[in-house]
Protein chains: 8
Amino acid sequence: MSLNLDLNRQERQGFPEVVYGEGKSKDQITAICKKFEESKTPLLITRLKDKHVKIVENFFSWGEHKYHKEARAFSWLPEKAQTQVKAKVCLLCAGSSDLAVISECEVTLRFLGLDPERIYDVGVAGIHRVLSKKETLAQADLCIVAAGMDGALPSVVGGLVKCPVIAVPTSVGYGAAFGGVSALLTMLNSCANGITVVNIDNGFGAAMAAWRILQVR
Amino acid sequence: MSLNLDLNRQERQGFPEVVYGEGKSKDQITAICKKFEESKTPLLITRLKDKHVKIVENFFSWGEHKYHKEARAFSWLPEKAQTQVKAKVCLLCAGSSDLAVISECEVTLRFLGLDPERIYDVGVAGIHRVLSKKETLAQADLCIVAAGMDGALPSVVGGLVKCPVIAVPTSVGYGAAFGGVSALLTMLNSCANGITVVNIDNGFGAAMAAWRILQVR
Amino acid sequence: MSLNLDLNRQERQGFPEVVYGEGKSKDQITAICKKFEESKTPLLITRLKDKHVKIVENFFSWGEHKYHKEARAFSWLPEKAQTQVKAKVCLLCAGSSDLAVISECEVTLRFLGLDPERIYDVGVAGIHRVLSKKETLAQADLCIVAAGMDGALPSVVGGLVKCPVIAVPTSVGYGAAFGGVSALLTMLNSCANGITVVNIDNGFGAAMAAWRILQVR
Amino acid sequence: MSLNLDLNRQERQGFPEVVYGEGKSKDQITAICKKFEESKTPLLITRLKDKHVKIVENFFSWGEHKYHKEARAFSWLPEKAQTQVKAKVCLLCAGSSDLAVISECEVTLRFLGLDPERIYDVGVAGIHRVLSKKETLAQADLCIVAAGMDGALPSVVGGLVKCPVIAVPTSVGYGAAFGGVSALLTMLNSCANGITVVNIDNGFGAAMAAWRILQVR
Amino acid sequence: MSLNLDLNRQERQGFPEVVYGEGKSKDQITAICKKFEESKTPLLITRLKDKHVKIVENFFSWGEHKYHKEARAFSWLPEKAQTQVKAKVCLLCAGSSDLAVISECEVTLRFLGLDPERIYDVGVAGIHRVLSKKETLAQADLCIVAAGMDGALPSVVGGLVKCPVIAVPTSVGYGAAFGGVSALLTMLNSCANGITVVNIDNGFGAAMAAWRILQVR
Amino acid sequence: MSLNLDLNRQERQGFPEVVYGEGKSKDQITAICKKFEESKTPLLITRLKDKHVKIVENFFSWGEHKYHKEARAFSWLPEKAQTQVKAKVCLLCAGSSDLAVISECEVTLRFLGLDPERIYDVGVAGIHRVLSKKETLAQADLCIVAAGMDGALPSVVGGLVKCPVIAVPTSVGYGAAFGGVSALLTMLNSCANGITVVNIDNGFGAAMAAWRILQVR
Amino acid sequence: MSLNLDLNRQERQGFPEVVYGEGKSKDQITAICKKFEESKTPLLITRLKDKHVKIVENFFSWGEHKYHKEARAFSWLPEKAQTQVKAKVCLLCAGSSDLAVISECEVTLRFLGLDPERIYDVGVAGIHRVLSKKETLAQADLCIVAAGMDGALPSVVGGLVKCPVIAVPTSVGYGAAFGGVSALLTMLNSCANGITVVNIDNGFGAAMAAWRILQVR
Amino acid sequence: MSLNLDLNRQERQGFPEVVYGEGKSKDQITAICKKFEESKTPLLITRLKDKHVKIVENFFSWGEHKYHKEARAFSWLPEKAQTQVKAKVCLLCAGSSDLAVISECEVTLRFLGLDPERIYDVGVAGIHRVLSKKETLAQADLCIVAAGMDGALPSVVGGLVKCPVIAVPTSVGYGAAFGGVSALLTMLNSCANGITVVNIDNGFGAAMAAWRILQVR
């Protein structure tokens with residue numbers, strides 16, 4: 001079996017290699033754990049398959065290790081994590097069904113040394129909910145906004161804040177939601193200026209984009 | 001040339017036949033005008049081609065006749081129009097590019113004896129704009145909301161009012177707006193309960209749906 | 001676990017919060033039941049997952065409580081329901097495969113205090129079937145018409161009645177039905193004037209739209 | 001310039017080669033006219049470009065020759081046409097905008113020696129219109145039904161007649177009509193049994209299919 | 001439970017009601033069997049769910065009854081079937097994976113009193129295979145051609161025979177086959193004149209269309 | 001005519017209102033110019049129609065005014081522009097056909113007080129070209145990368161730099177490029193972590209996103 | 001104006017830079033001509049806009065220069081071309097409407113020093129036509145097969161020859177041909193093994209692929 | 001049960017019949033094994049269903065027989081395989097999730113007598129990885145490049161090598177990857193000249209195309 005891990009990415013790009021668990025076999029997951037543990041490199045596995053959770057949990061018995069169920073992610077740090085980046089990141093989601101995506105995003109941000117704040121259940125159909133968070137939002141350095149179905153929340157948030165807004169369409173919905181396509185198109189066509197978008201359900205990607213942005217500071 | 005006009009529809013369904021101008025030839029338009037004038041039946045032509053405007057304008061020299069440029073519609077009433085239906089209908093649109101659709105809607109409603117009110121340029125990216133109209137909206141019997149691009153306005157309006165909301169996606173936008181598909185999907189997936197939707201750019205259809213609803217009263 | 005329920009919506013918009021069961025976890029469903037029972041707020045859960053039915057049924061032992069299997073919905077009323085809205089609503093469906101959607105619609109309407117009438121198996125390929133219901137339809141205040149496959153029924157009904165017609169495309173069909181897209185497009189392009197449309201399989205949304213319309217009276 | 005015409009098709013398949021004018025250059029059209037005139041083979045050109053009409057009309061000065069404007073087709077017969085196939089074919093269309101497609105169909109059928117009957121403006125939104133033609137339809141050997149927008153007419157006709165029904169979606173409509181895709185999907189998913197479908201706007205193809213069917217007799 | 005069966009269709013349209021098993025519940029299937037047996041009406045159920053086969057088989061103990069596994073269809077005739085329609089129908093399919101569709105087609109045709117002939121595994125990538133059947137095809141009154149993937153077979157057959165050709169796209173394939181869409185488009189765009197098309201995997205519909213055509217004779 | 005301009009946006013969100021010229025009529029454009037000139041508010045019009053250029057140019061005779069042909073944008077500043085934001089922004093494009101999009105982006109950035117650097121013709125099919133710019137890229141605070149056709153450039157750039165990367169799909173290409181959809185999908189699925197995406201051809205949006213990000217500093 | 005031409009590509013990859021004319025401005029075309037003439041590098045411009053033909057023709061007065069109208073391409077060779085690659089390449093096309101694509105392919109191949117052979121009008125609906133070329137095809141080293149509409153020809157050719165087959169879908173057709181998508185899908189799903197595909201209308205790309213393959217020898 | 005195997009294909013086209021396991025029933029698989037074993041014809045089954053592996057393994061007890069798990073393929077050779085074709089084929093893939101497709105490709109190539117070399121985990125987001133293989137690639141006679149998600153690798157490889165490049169999109173990815181459509185479009189629109197493409201996940205097809213190409217030598 002062949003693995004070509006990029007353990008030096010931290011040096012080159014400033015962040016550690018993150019493993020995408022979806023397409024990996026049992027053997028590949030085991031080999032990955034082994035390599036990371038040996039080299040004491042911090043490890044984050046996203047989209048970990050249910051049947052592989054036990055394997056990973058059994059592997060890491062020291063350092064900070066945790067399986068984040070809602071996010072379907074596993075994180076391992078040889079040493080205790082510290083908030084290294086001082087920035088206020090707000091994670092907003094329209095409905096409670098979007099929480100899995102926001103969770104993946106949050107786990108990744110914490111793995112990268114950030115301490116984000118969740119603002120949930122603020123869908124635009126009850127506009128008073130997001131408006132009641134106006135002051136919190138005004139202090140944000142960056143907002144990540146997840147929404148399924150009509151995907152309208154980022155447009156409203158984008159008009160309320162000056163800071164960068166990263167929109168994450170989620171696959172929540174049915175029928176003409178087309179697995180997140182409806183929300184994706186809404187966000188790409190947002191009438192709020194300067195919103196950027198990542199792939200459907202890509203909470204991890206949104207976190208990485210945030211990380212890039214906050215390094216600029 | 002063959003024409004099978006339904007001049008008795010008013011009796012059967014309560015509203016006059018409306019002619020869709022898009023696919024009609026010069027000869028068909030002329031024949032239609034002739035028949036309606038002879039029978040003194042009120043006439044509305046929507047999507048009238050530019051090259052046919054003169055023909056129609058030359059035909060009708062008496063009664064109330066007008067070509068509505070923004071709406072691309074021509075209306076003719078043998079007798080002076082009267083507001084027959086007492087109802088407050090609000091027409092909202094997100095951007096000034098959606099005005100053609102709202103116009104078609106307005107012309108149709110006036111033709112049907114209603115007196116709607118326009119509320120324009122209230123896109124969700126500046127949420128204060130629609131919120132400033134809250135009191136007007138609270139008194140509405142029905143709202144028709146047109147939006148292109150992200151199509152998010154109906155979701156916000158739907159959460160603000162109790163009355164029926166008819167959403168009209170417009171083909172305004174470019175790229176991933178896909179000629180109104182983005183806005184259409186947003187509206188079909190609206191997180192506000194009980195929003196209904198008509199075809200892209202179908203201002204006429206929204207007006208007809210409003211008319212059906214207001215007859216229920 | 002975080003829940004941000006909108007228990008005061010009845011006051012604000014005139015109808016109670018309805019819970020969408022699809023994306024909810026076991027913990028979320030339990031917390032929701034608890035909150036509603038404590039506050040004695042009427043509760044409707046749509047798209048309830050099979051594995052959560054028992055949880056909900058065990059929770060509510062008093063008041064009017066019922067799991068509607070065909071509709072996959074659970075309703076609970078602290079006090080006995082009463083028909084509050086006097087209006088004749090007809091629910092039509094083209095084939096017996098569309099009954100699940102019509103059922104969700106019916107359960108919601110009854111929850112909102114209406115008493116709709118079902119007219120089933122009246123697909124347009126046997127046009128005599130819907131024509132035989134002409135008199136019933138003539139007395140309707142509102143029609144909700146569900147159809148999968150060719151989705152043609154609303155066009156015919158829309159031409160027969162003067163009242164509002166809400167079309168619900170269903171995901172019934174195979175091949176080029178594309179999970180309801182075929183029926184959705186048919187309805188958006190209906191040659192009957194003033195038909196409005198909701199999302200695929202959205203029986204709940206159609207009921208809510210009906211409720212908005214009937215409040216206008 | 002190279003041309004590989006199939007002038008013997010009549011012998012092999014029983015019908016003459018028909019030329020599709022759309023993609024042909026001026027030189028190709030001229031060469032085609034020349035070859036057909038020389039060999040005295042009957043010629044039908046469909047989708048003839050406006051700028052090529054004069055060329056073709058100038059070429060044929062003898063025999064039966066005619067440019068059919070509505071159909072955008074040119075037909076030439078060295079000898080006078082005769083109704084060779086005794087069969088009653090009905091051509092139905094939903095709206096007057098579909099007439100171009102029905103025209104192409106009719107011209108082709110007449111070229112093949114048939115004498116079809118047009119039934120126009122019988123869209124399903126006024127179901128009494130098609131029902132009033134029931135007796136005519138009962139005597140038909142074959143129906144060709146063209147419709148744009150919702151494309152619902154073939155489903156109704158298919159339920160009224162026993163004979164073969166060929167459905168032709170047309171590109172009439174706007175927005176979610178998607179250039180005829182909506183009507184095409186409706187027809188492929190028709191709830192009337194045994195309807196068959198041809199390409200969007202393919203009046204010629206429907207006529208050829210009719211011809212194949214009527215040869216079976 | 002409500003059922004609105006059309007047991008008199010045979011009289012009206014000349015063919016018996018056929019039941020589409022896909023969306024039916026256990027209770028619906030049982031009620032259908034009961035009604036048909038009582039009225040001694042011939043019954044064909046297509047797309048019968050695996051879990052319902054036993055129910056149906058237990059119901060019919062007399063007359064001609066058979067579950068056709070490959071076709072997933074059940075047929076029941078109170079009296080012995082007879083070939084009532086004298087016509088040579090050829091059923092062609094490109095690959096052995098398309099046999100389920102051809103089977104549904106064949107079972108339906110036999111139920112309708114026809115005796116079709118199968119010609120299988122004649123995909124165009126080995127063109128000698130279909131050419132070797134030229135003589136058989138020349139005698140056919142009608143051809144039904146099923147193909148998945150590239151869907152190219154009907155174009156070749158359409159050029160070889162004079163008789164009607166009904167093309168059935170199948171969902172066989174992967175990737176860009178898009179569940180039969182690739183084959184469907186190929187057939188709608190066939191360069192062979194006068195080919196007609198039915199829905200993806202609709203072997204039943206093709207048989208019904210054949211039946212309509214052969215009644216013309 | 002009605003205009004609801006947001007002249008105070010600079011105060012509220014920190015950047016001036018930008019006018020989208022595409023859907024505007026001659027009258028709307030004139031009214032906009034008037035309002036901005038009167039209030040001495042800086043003005044940027046993007047996607048200005050060719051036929052409106054003269055109108056705008058005639059209007060502004062003082063201050064810094066320029067029509068940027070390649071970008072189809074007009075900018076007007078009452079006072080001389082100054083680079084207010086100290087940041088190195090690199091604008092990369094794959095081919096010379098993408099320059100219109102990069103131009104719109106550049107004009108907007110300069111309007112906002114930035115001084116970006118263009119790096120053009122560095123498509124990945126000649127990978128040495130972008131690699132030769134490695135040192136320049138290493139010093140960038142932010143990269144905006146436009147590409148049509150395969151849209152692959154942002155994936156490569158994203159792997160080379162640590163800073164934020166905003167990807168702009170362009171409508172350059174033909175056939176399966178589908179007006180920029182191919183490039184859009186490529187970018188949404190980029191295997192480089194933390195890339196964000198804006199709408200097809202949305203050079204303006206990318207600039208606004210950059211502006212939001214650089215304000216974080 | 002900026003141009004970053006790759007005049008050394010011949011050395012690096014063995015073939016000269018080819019210029020894609022579609023998106024180029026007048027200034028860009030002029031600059032390109034100048035650079036190539038100065039460096040005496042052979043030049044091929046594909047998809048040259050009609051309005052730029054004169055500019056290019058006026059520029060090159062010596063060497064081998066020609067504008068190929070059907071192909072919309074201009075070629076210039078400082079010295080007389082010679083067939084450098086000894087290989088038999090067959091160019092097949094289904095209909096005469098596909099000739100523009102085959103032409104672009106042929107011009108490119110000749111520019112690269114090959115001498116291909118055209119086999120035209122061999123669509124599969126008249127299968128005898130391609131079968132009559134069997135002997136020619138048997139001697140081919142490589143086949144390029146262009147087809148629009150049903151795109152079926154490559155499947156048949158792929159089954160007849162052992163050599164590489166490159167399929168080129170063309171945008172010929174209407175309705176459900178979707179600008180070449182139908183043919184593209186047919187070719188990607190070809191039941192003939194080992195067929196490869198290029199973009200819609202990409203005759204140039206097919207030629208380049210052929211050139212790569214023939215270099216292997 | 002009917003099977004129409006083409007056991008003589010090796011003679012006719014130079015390569016043995018390969019069986020596509022996906023749509024085959026247990027009985028079909030058994031019959032196939034029997035026929036091949038009796039005639040001692042080499043057999044390759046691709047996409048073998050898990051539940052059929054045992055059947056096939058039990059059948060072949062002599063000769064070279066192996067089930068390739070990663071590739072889901074079974075190969076059987078009556079006599080020991082030998083590298084018959086002297087050619088250097090490189091198989092590249094972007095991520096370890098693409099290995100299944102590369103595996104199917106490799107197994108097929110070995111079955112055809114080739115000895116390919118794998119180069120894995122060389123996605124473009126870490127461009128140094130593929131650049132480090134430059135020398136190996138320079139010696140390749142042919143490259144097969146598989147990639148999912150952004151599908152960008154073939155564009156880079158195509159610019160690095162002179163030899164033929166066959167691109168294989170894989171269904172790896174989620175959201176807007178659309179089951180491989182994103183990668184497919186990227187490859188069809190590759191800015192590297194002369195890349196050809198096969199169907200999504202079609203490792204087998206790529207191998208067959210390679211085989212055709214290498215026979216040219």
# chains A, B, ... in the order shown; residues from 1 in each chain; ligands from 1
call {"tool": "select_by_dssp", "arguments": {"residues": "range 34-174 of chain B", "states": "strand (DSSP E)", "output": "JSON, numbers by chain"}}
result
{"B": [43, 44, 45, 46, 64, 65, 66, 67, 68, 73, 74, 75, 76, 77, 89, 90, 91, 92, 93, 117, 118, 119, 142, 143, 144, 145, 146, 147, 165, 166, 167, 168, 169]}
call {"tool": "write_last_selection", "arguments": {"atoms": "C-alpha atoms", "output": "mmCIF file, in the first residue's frame"}}
result
data_model
loop_
_atom_site.group_PDB
_atom_site.id
_atom_site.type_symbol
_atom_site.label_atom_id
_atom_site.label_comp_id
_atom_site.auth_asym_id
_atom_site.auth_seq_id
_atom_site.Cartn_x
_atom_site.Cartn_y
_atom_site.Cartn_z
ATOM 1 C CA LEU B 43 -57.794 43.625 -24.160
ATOM 2 C CA LEU B 44 -54.392 43.180 -22.539
ATOM 3 C CA ILE B 45 -51.400 42.136 -24.632
ATOM 4 C CA THR B 46 -48.254 41.196 -22.705
ATOM 5 C CA GLU B 64 -58.698 53.894 -22.503
ATOM 6 C CA HIS B 65 -55.638 52.737 -24.437
ATOM 7 C CA LYS B 66 -52.016 52.773 -23.425
ATOM 8 C CA TYR B 67 -48.708 51.134 -24.285
ATOM 9 C CA HIS B 68 -46.725 50.566 -21.081
ATOM 10 C CA ALA B 73 -47.686 45.571 -22.441
ATOM 11 C CA PHE B 74 -50.652 47.207 -24.150
ATOM 12 C CA SER B 75 -54.007 47.635 -22.471
ATOM 13 C CA TRP B 76 -57.319 48.725 -23.917
ATOM 14 C CA LEU B 77 -60.574 49.266 -22.070
ATOM 15 C CA VAL B 89 -51.509 44.744 -2.774
ATOM 16 C CA CYS B 90 -47.799 45.533 -2.292
ATOM 17 C CA LEU B 91 -45.346 44.995 -5.133
ATOM 18 C CA LEU B 92 -41.789 44.693 -3.860
ATOM 19 C CA CYS B 93 -38.629 44.371 -5.877
ATOM 20 C CA GLU B 117 -48.462 49.983 -4.305
ATOM 21 C CA ARG B 118 -44.827 49.708 -5.389
ATOM 22 C CA ILE B 119 -42.002 49.302 -2.889
ATOM 23 C CA LEU B 142 -51.158 40.373 -0.367
ATOM 24 C CA CYS B 143 -47.504 40.811 -1.355
ATOM 25 C CA ILE B 144 -45.917 40.100 -4.693
ATOM 26 C CA VAL B 145 -42.138 40.012 -4.383
ATOM 27 C CA ALA B 146 -39.835 40.042 -7.414
ATOM 28 C CA ALA B 147 -36.111 39.398 -7.172
ATOM 29 C CA VAL B 165 -46.731 36.093 -0.556
ATOM 30 C CA ILE B 166 -46.262 35.367 -4.243
ATOM 31 C CA ALA B 167 -42.620 35.192 -5.282
ATOM 32 C CA VAL B 168 -41.519 36.074 -8.820
ATOM 33 C CA PRO B 169 -37.971 35.123 -9.804
#
call {"tool": "residues_around", "arguments": {"residues": "range 152-156 of chain D", "least_positions_apart": "5", "cutoff": "9 Å", "atoms": "only C-alpha atoms", "output": "NGL selection string"}}
result
(:C and (124-127 or 150-153 or 155-156 or 186 or 190-191)) or (:D and (92-94 or 122-124 or 127 or 130 or 144-147 or 165-168 or 183 or 186-187 or 190-193 or 195))
call {"tool": "atom_distance", "arguments": {"atom1": "CA of Cys105 in chain A", "atom2": "CA of Thr170 in chain F"}}
result
28.5 Å
call {"tool": "interface_residues", "arguments": {"of": "chain H", "to": "chain E", "cutoff": "7 Å", "atoms": "only C-alpha atoms", "output": "list in words"}}
result
Asn4, Gly23, Lys24, Asn199, Ile200 and Asp201 of chain H
call {"tool": "closest_residue", "arguments": {"among": "A:Ile102, A:Val56, A:Ala138, A:Ala71", "to": "Gln28 in chain A", "atoms": "only C-alpha atoms"}}
result
A:Val56
call {"tool": "residues_around", "arguments": {"residues": "Pro42 in chain D", "least_positions_apart": "2", "cutoff": "12 Å", "atoms": "only C-alpha atoms", "output": "PyMOL selection string"}}
result
chain D and resi 7-10+15-19+32-33+35-40+44-45+60+63-65+74-81+108+111-113
call {"tool": "select_by_dssp", "arguments": {"residues": "range 8-217 of chain H", "states": "helix (DSSP H, G or I)", "output": "MDAnalysis selection string"}}
result
chainID H and resid 9:13 26:39 50:59 96:111 124:126 128:131 134:138 153:160 175:188 203:215
